[in-house]
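With PDB, C-alpha atoms inside, this is entry13.pdb:
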```pdb
MODEL        1
ATOM      1  CA  MET W 138     -13.144 -11.797   4.062
ATOM      2  CA  LEU W 139     -10.403 -10.672   1.694
ATOM      3  CA  PRO W 140     -11.623  -9.887  -1.841
ATOM      4  CA  LEU W 141     -10.359 -12.344  -4.451
ATOM      5  CA  LEU W 142      -9.315 -14.815  -1.775
ATOM      6  CA  HIS W 143     -11.475 -17.391  -3.563
ATOM      7  CA  ALA W 144      -9.255 -16.894  -6.611
ATOM      8  CA  ALA W 145      -6.517 -18.805  -4.809
ATOM      9  CA  LEU W 146      -8.632 -21.913  -5.271
ATOM     10  CA  VAL W 147      -8.516 -21.485  -9.030
ATOM     11  CA  PHE W 148      -5.518 -19.486 -10.105
ATOM     12  CA  ILE W 149      -2.371 -21.346  -9.146
ATOM     13  CA  PRO W 150       0.580 -19.481 -10.705
ATOM     14  CA  ILE W 151       2.310 -21.807 -13.155
ATOM     15  CA  ARG W 152       4.771 -20.073 -15.452
ATOM     16  CA  SER W 153       5.011 -21.489 -18.935
ATOM     17  CA  GLY W 154       6.454 -19.823 -21.996
ATOM     18  CA  GLY W 155       6.578 -16.473 -20.237
ATOM     19  CA  LEU W 156       2.895 -16.647 -19.292
ATOM     20  CA  TYR W 157       1.200 -17.458 -16.018
ATOM     21  CA  ARG W 158      -1.564 -20.000 -16.500
ATOM     22  CA  CYS W 159      -4.303 -21.554 -14.446
ATOM     23  CA  LYS W 160      -3.275 -24.967 -13.150
ATOM     24  CA  PHE W 161      -6.734 -26.495 -13.484
ATOM     25  CA  GLY W 162      -7.825 -25.097 -16.818
ATOM     26  CA  SER W 163      -6.894 -23.150 -19.899
ATOM     27  CA  LEU W 164      -7.725 -19.712 -18.516
ATOM     28  CA  GLU W 165      -4.924 -17.226 -18.076
ATOM     29  CA  ALA W 166      -4.896 -14.890 -15.093
ATOM     30  CA  PRO W 167      -3.446 -11.372 -15.183
ATOM     31  CA  ARG W 168      -0.084 -11.081 -13.414
ATOM     32  CA  SER W 169      -1.561  -8.468 -11.077
ATOM     33  CA  VAL W 170      -4.186 -10.974  -9.873
ATOM     34  CA  LEU W 171      -1.553 -13.648  -9.419
ATOM     35  CA  ARG W 172       0.672 -11.320  -7.416
ATOM     36  CA  LEU W 173      -2.295 -10.516  -5.174
ATOM     37  CA  VAL W 174      -3.058 -14.213  -4.666
ATOM     38  CA  GLU W 175       0.620 -14.933  -3.992
ATOM     39  CA  SER W 176       0.864 -12.167  -1.400
ATOM     40  CA  ILE W 177      -2.252 -13.403   0.418
ATOM     41  CA  ALA W 178      -1.166 -17.035   0.295
ATOM     42  CA  SER W 179       2.357 -16.279   1.526
ATOM     43  CA  ALA W 180       1.437 -14.185   4.553
ATOM     44  CA  VAL W 181       3.375 -15.581   7.498
ATOM     45  CA  ALA W 182       1.854 -13.599  10.372
ATOM     46  CA  PRO W 183      -1.746 -12.978  11.399
ATOM     47  CA  ALA W 184      -2.978  -9.400  11.109
ATOM     48  CA  PRO W 185      -2.547  -7.472  14.371
ATOM     49  CA  PRO W 186      -5.680  -6.020  15.990
ATOM     50  CA  ASP W 187      -4.842  -2.439  15.003
ATOM     51  CA  LEU W 188      -4.954  -3.481  11.333
ATOM     52  CA  SER W 189      -8.333  -5.202  11.527
ATOM     53  CA  ASP W 190     -11.137  -4.244   9.165
ATOM     54  CA  GLU W 191     -12.798  -2.475  12.081
ATOM     55  CA  SER W 192      -9.659  -0.423  12.693
ATOM     56  CA  LEU W 193      -9.445   0.562   9.036
ATOM     57  CA  LEU W 194     -13.106   1.552   9.174
ATOM     58  CA  GLN W 195     -12.409   3.831  12.132
ATOM     59  CA  ILE W 196      -9.688   5.549  10.117
ATOM     60  CA  VAL W 197     -11.937   6.381   7.171
ATOM     61  CA  LEU W 198     -14.833   7.374   9.447
ATOM     62  CA  GLN W 199     -12.572   9.753  11.407
ATOM     63  CA  GLY W 200     -13.148   7.634  14.487
ATOM     64  CA  ILE W 201      -9.519   8.013  15.561
ATOM     65  CA  SER W 202      -7.515  11.218  15.651
ATOM     66  CA  ASP W 203      -5.234  12.463  12.904
ATOM     67  CA  GLU W 204      -2.282  12.040  15.254
ATOM     68  CA  ALA W 205      -3.166   8.419  16.037
ATOM     69  CA  THR W 206      -3.648   7.691  12.329
ATOM     70  CA  ASN W 207      -0.204   9.083  11.566
ATOM     71  CA  GLU W 208       1.323   7.060  14.404
ATOM     72  CA  LEU W 209      -0.231   3.842  13.108
ATOM     73  CA  VAL W 210       1.195   4.286   9.621
ATOM     74  CA  TRP W 211       4.586   5.310  10.978
ATOM     75  CA  LYS W 212       4.641   2.167  13.117
ATOM     76  CA  TYR W 213       4.165  -0.122  10.127
ATOM     77  CA  LEU W 214       6.564   1.837   7.935
ATOM     78  CA  GLY W 215       9.101   0.855  10.592
ATOM     79  CA  TYR W 216       9.722   4.027  12.608
ATOM     80  CA  VAL W 217      10.374   3.633  16.328
ATOM     81  CA  ARG W 218      10.300   6.535  18.762
ATOM     82  CA  GLY W 219      12.945   6.337  21.474
ATOM     83  CA  SER W 220      12.462   7.239  25.124
ATOM     84  CA  ASP W 221      14.234  10.532  24.400
ATOM     85  CA  GLY W 222      11.683  11.376  21.706
ATOM     86  CA  ASP W 223      14.085  10.854  18.823
ATOM     87  CA  TRP W 224      13.162   8.599  15.931
ATOM     88  CA  ASP W 225      14.982   5.410  14.960
ATOM     89  CA  SER W 226      14.540   4.724  11.234
ATOM     90  CA  SER W 227      16.869   1.717  10.963
ATOM     91  CA  ARG W 228      13.922  -0.653  10.437
ATOM     92  CA  VAL W 229      12.025   1.546   7.985
ATOM     93  CA  PHE W 230      11.447   0.105   4.509
ATOM     94  CA  PRO W 231      14.563   0.980   2.450
ATOM     95  CA  ASN W 232      13.009   3.078  -0.315
ATOM     96  CA  TRP W 233      10.892   5.040   2.106
ATOM     97  CA  ARG W 234      13.866   5.639   4.402
ATOM     98  CA  LYS W 235      15.682   7.287   1.488
ATOM     99  CA  LYS W 236      12.899   9.874   1.311
ATOM    100  CA  TYR W 237      12.418  10.357   5.056
ATOM    101  CA  PRO W 238      15.572   9.171   6.850
ATOM    102  CA  HIS W 239      15.340  11.131  10.098
ATOM    103  CA  MET W 240      11.684  11.275  11.104
ATOM    104  CA  PRO W 241       8.313  10.272   9.647
ATOM    105  CA  PRO W 242       6.277  12.848   7.728
ATOM    106  CA  ASP W 243       2.791  14.042   8.547
ATOM    107  CA  LEU W 244       0.517  12.106   6.174
ATOM    108  CA  ILE W 245      -2.839  13.584   7.180
ATOM    109  CA  GLY W 246      -2.328  17.290   7.813
ATOM    110  CA  ILE W 247      -2.816  17.567  11.553
ATOM    111  CA  THR W 248      -2.908  21.387  11.448
ATOM    112  CA  CYS W 249      -5.822  21.376   8.954
ATOM    113  CA  THR W 250      -4.047  24.243   7.217
ATOM    114  CA  TYR W 251      -4.194  23.805   3.466
ATOM    115  CA  THR W 252      -2.063  26.683   2.264
ATOM    116  CA  ARG W 253       0.635  25.597  -0.162
ATOM    117  CA  LEU W 254       3.476  26.493   2.193
ATOM    118  CA  VAL W 255       2.101  24.371   5.048
ATOM    119  CA  ASP W 256       0.336  21.582   3.211
ATOM    120  CA  GLU W 257       2.578  20.755   0.261
ATOM    121  CA  PRO W 258       4.980  18.540   2.294
ATOM    122  CA  VAL W 259       1.975  16.616   3.635
ATOM    123  CA  LEU W 260       0.501  16.244   0.156
ATOM    124  CA  ARG W 261       3.786  15.012  -1.316
ATOM    125  CA  ALA W 262       4.242  12.467   1.484
ATOM    126  CA  VAL W 263       0.769  10.929   1.266
ATOM    127  CA  GLN W 264       0.955  10.859  -2.528
ATOM    128  CA  ALA W 265       4.281   9.009  -2.309
ATOM    129  CA  LEU W 266       2.691   6.507   0.066
ATOM    130  CA  GLN W 267      -0.298   6.020  -2.242
ATOM    131  CA  ARG W 268       1.921   5.585  -5.311
ATOM    132  CA  SER W 269       3.829   2.840  -3.485
ATOM    133  CA  VAL W 270       0.743   0.611  -3.398
ATOM    134  CA  PRO W 271       0.853  -1.916  -6.275
ATOM    135  CA  ARG W 272      -1.982  -1.686  -8.778
ATOM    136  CA  GLU W 273      -3.573  -4.965  -7.687
ATOM    137  CA  HIS W 274      -3.986  -3.593  -4.140
ATOM    138  CA  LYS W 275      -5.218  -0.085  -4.933
ATOM    139  CA  ASP W 276      -8.975  -0.649  -5.181
ATOM    140  CA  ARG W 277      -9.517  -3.156  -2.389
ATOM    141  CA  LEU W 278     -10.458  -0.833   0.477
ATOM    142  CA  LYS W 279     -14.101  -0.321  -0.486
ATOM    143  CA  ALA W 280     -14.670  -4.036  -1.099
ATOM    144  CA  THR W 281     -12.974  -4.909   2.196
ATOM    145  CA  LEU W 282     -15.045  -2.474   4.257
ATOM    146  CA  ARG W 283     -18.357  -2.902   2.422
ATOM    147  CA  PRO W 284     -19.473  -5.738   4.776
ATOM    148  CA  LEU W 285     -19.078  -3.221   7.626
ATOM    149  CA  GLY W 286     -21.329  -0.733   5.855
ATOM    150  CA  TRP W 287     -18.769   1.586   4.251
ATOM    151  CA  LYS W 288     -19.445   2.231   0.567
ATOM    152  CA  GLY W 289     -16.715   4.759  -0.075
ATOM    153  CA  PHE W 290     -16.815   8.525  -0.185
ATOM    154  CA  LYS W 291     -18.917  10.659  -2.492
ATOM    155  CA  LEU W 292     -17.288  13.590  -4.281
ATOM    156  CA  GLU W 293     -19.768  15.991  -2.749
ATOM    157  CA  GLY W 294     -18.442  17.049   0.620
ATOM    158  CA  LEU W 295     -15.091  15.266   0.177
ATOM    159  CA  THR W 296     -12.305  16.951   2.139
ATOM    160  CA  PRO W 297      -8.496  16.564   2.028
ATOM    161  CA  ASN W 298      -8.647  14.901   5.436
ATOM    162  CA  MET W 299     -11.139  12.285   4.217
ATOM    163  CA  THR W 300      -9.121  11.634   1.064
ATOM    164  CA  ARG W 301      -5.874  11.158   2.965
ATOM    165  CA  ARG W 302      -7.463   8.853   5.501
ATOM    166  CA  ALA W 303      -8.689   6.638   2.667
ATOM    167  CA  GLN W 304      -5.211   6.713   1.111
ATOM    168  CA  VAL W 305      -3.395   5.686   4.289
ATOM    169  CA  ALA W 306      -6.037   3.030   5.006
ATOM    170  CA  THR W 307      -5.409   1.645   1.510
ATOM    171  CA  TRP W 308      -1.689   1.443   2.263
ATOM    172  CA  LEU W 309      -2.326  -0.233   5.628
ATOM    173  CA  LEU W 310      -4.554  -2.810   3.933
ATOM    174  CA  TYR W 311      -1.796  -3.450   1.387
ATOM    175  CA  TYR W 312       0.730  -3.772   4.214
ATOM    176  CA  ARG W 313      -1.525  -6.195   6.092
ATOM    177  CA  THR W 314      -2.038  -8.342   3.002
ATOM    178  CA  ALA W 315       1.381  -8.356   1.385
ATOM    179  CA  LEU W 316       4.098  -7.089   3.736
ATOM    180  CA  HIS W 317       3.290  -7.942   7.343
ATOM    181  CA  GLY W 318       5.500 -10.660   8.723
ATOM    182  CA  VAL W 319       7.358 -11.243   5.444
ATOM    183  CA  PRO W 320      11.171 -11.011   5.763
ATOM    184  CA  ILE W 321      12.684  -8.067   3.932
ATOM    185  CA  GLU W 322      14.837 -10.440   1.896
ATOM    186  CA  GLU W 323      11.732 -12.132   0.506
ATOM    187  CA  LEU W 324      10.090  -8.786  -0.208
ATOM    188  CA  GLN W 325      13.188  -7.675  -2.085
ATOM    189  CA  ARG W 326      13.177 -10.929  -4.078
ATOM    190  CA  ARG W 327       9.562 -10.335  -5.105
ATOM    191  CA  LYS W 328      10.404  -6.761  -6.001
ATOM    192  CA  ALA W 329      13.256  -7.921  -8.245
ATOM    193  CA  VAL W 330      10.950 -10.348 -10.061
ATOM    194  CA  GLN W 331       8.342  -7.651 -10.587
ATOM    195  CA  ALA W 332      11.014  -5.195 -11.775
ATOM    196  CA  GLU W 333      12.026  -7.691 -14.474
ATOM    197  CA  GLU W 334       8.400  -7.921 -15.615
ATOM    198  CA  GLU W 335       8.128  -4.132 -15.697
ATOM    199  CA  ALA W 336      11.331  -3.848 -17.714
ATOM    200  CA  ALA W 337      10.070  -6.417 -20.218
ATOM    201  CA  HIS W 338       6.797  -4.530 -20.544
ATOM    202  CA  ASP W 339       8.650  -1.248 -21.049
ATOM    203  CA  ASP W 340      10.776  -2.832 -23.790
ATOM    204  CA  SER W 341       7.652  -4.025 -25.579
ATOM    205  CA  SER W 342       6.066  -0.573 -25.317
ATOM    206  CA  ILE W 343       8.875   1.533 -26.772
ATOM    207  CA  GLY W 344       7.458   4.601 -28.432
ATOM    208  CA  SER W 345       4.406   4.780 -26.203
ATOM    209  CA  LYS W 346       3.830   8.214 -24.736
ATOM    210  CA  LEU W 347       1.699   6.906 -21.894
ATOM    211  CA  SER W 348       3.003   7.850 -18.477
ATOM    212  CA  LYS W 349       4.132   5.111 -16.121
ATOM    213  CA  ALA W 350       1.459   3.693 -13.870
ATOM    214  CA  THR W 351       1.693   4.145 -10.144
ATOM    215  CA  GLY W 352       2.546   1.192  -7.941
ATOM    216  CA  THR W 353       5.742   0.304  -9.786
ATOM    217  CA  THR W 354       8.808  -1.144  -8.061
ATOM    218  CA  GLN W 355      10.579   2.206  -8.319
ATOM    219  CA  GLN W 356       7.788   3.761  -6.269
ATOM    220  CA  SER W 357       7.676   0.924  -3.715
ATOM    221  CA  VAL W 358       8.501   1.498  -0.059
ATOM    222  CA  ILE W 359      10.721  -1.593  -0.218
TER     223      ILE W 359
ENDMDL
END
```
Rewritten as structure tokens:
Amino acid sequence: MLPLLHAALVFIPIRSGGLYRCKFGSLEAPRSVLRLVESIASAVAPAPPDLSDESLLQIVLQGISDEATNELVWKYLGYVRGSDGDWDSSRVFPNWRKKYPHMPPDLIGITCTYTRLVDEPVLRAVQALQRSVPREHKDRLKATLRPLGWKGFKLEGLTPNMTRRAQVATWLLYYRTALHGVPIEELQRRKAVQAEEEAAHDDSSIGSKLSKATGTTQQSVI
């Protein structure tokens, strides 16, 4: 069961005076919660089998190969490999295609070589993917997989491979919840609305030296 799905029974986004309010009470819900509820409620396609909770669990438990994990993420970013082996990126999410227009990047580190020369492109790619996940979707992986027995990783013994698998699984969960089956035009509309909210927040925080949070519209794959 999706975490916070029960919130859809309570928090119905009604905008009034610049605030989102609960339809059946006086409580106010954070915009991030409302965006999560909206994305769940507006899903137009069932999750495919390779994005099931069990599939995500196999990713974090290293039950599928690094190559297969890469291929799964590339598939849902929109890359298509032609019969000649060349990549077609015409259906890749627009912002991501700007970064990687010709072929998808390694997101796991299939060589298991962690020297700066070899690994830095991998690190930059998976960090870009992780930053693209909106804040309200970032911490849902553990709660989603807990019923299957996964309680997250402990710092002791944590490896780059384990970290990156959790990061790509987080993105796939976000994709499954908020992007799968939604027309790109609708995704771009949502992005524009969120960008307006971010701009308003930035205007109200002039002078703050805090760095921008990850998961902003500028960092989105869309």
Picked residues, the PyMOL selection byres ((chain W and resi 320) around 12), as a VMD selection string: chain W and resid 179 to 182 228 230 315 to 319 321 to 327 359
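Computed from the coordinates, the atom CA of Thr206 of chain W to atom CA of Lys291 of chain W distance equals 21.5 Å.
With only C-alpha atoms as the atoms that count, the residue of W:Leu188, W:Tyr216, W:Asp225, W:Ile247 with the shortest distance to Trp308 of chain W is W:Leu188.
The shell of residues at most 9 Å from segment 256-268 of chain W, with all atoms listed in the file counted and near chain neighbours (fewer than 6 positions) removed, consists of Trp233, Pro242, Asp243, Leu244, Ile245, Gly246, Thr248, Cys249, Thr250, Lys275, Arg301, Gln304, Val305, Thr307, Trp308, Ala350, Thr351, Gly352, Thr353, Gln356, Ser357 and Val358 of chain W.
Using all atoms listed in the file for every distance, the candidate list W:Asp276, W:Gly294, W:Asp339, W:Leu309 yields W:Leu309 as the residue closest to Val210 of chain W.
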Distance in Å - atom CA of Ser226 of chain W versus atom CA of Pro238 of chain W: 6.3 Å
Resolved residues for the PyMOL selection byres ((chain W and resi 285) around 12) as a list of chain:residue names: W:Met138, W:Ser189, W:Asp190, W:Glu191, W:Ser192, W:Leu193, W:Leu194, W:Gln195, W:Val197, W:Leu198, W:Leu278, W:Lys279, W:Ala280, W:Thr281, W:Leu282, W:Arg283, W:Pro284, W:Gly286, W:Trp287, W:Lys288, W:Gly289
Atom-to-atom span, atom CA of Tyr312 of chain W and atom CA of Met240 of chain W, Å: 19.8 Å
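Comparing W:Pro231, W:Pro297, W:Pro241, W:Pro183 by their smallest distance to Val217 of chain W, the closest is W:Pro241 (using all atoms listed in the file).
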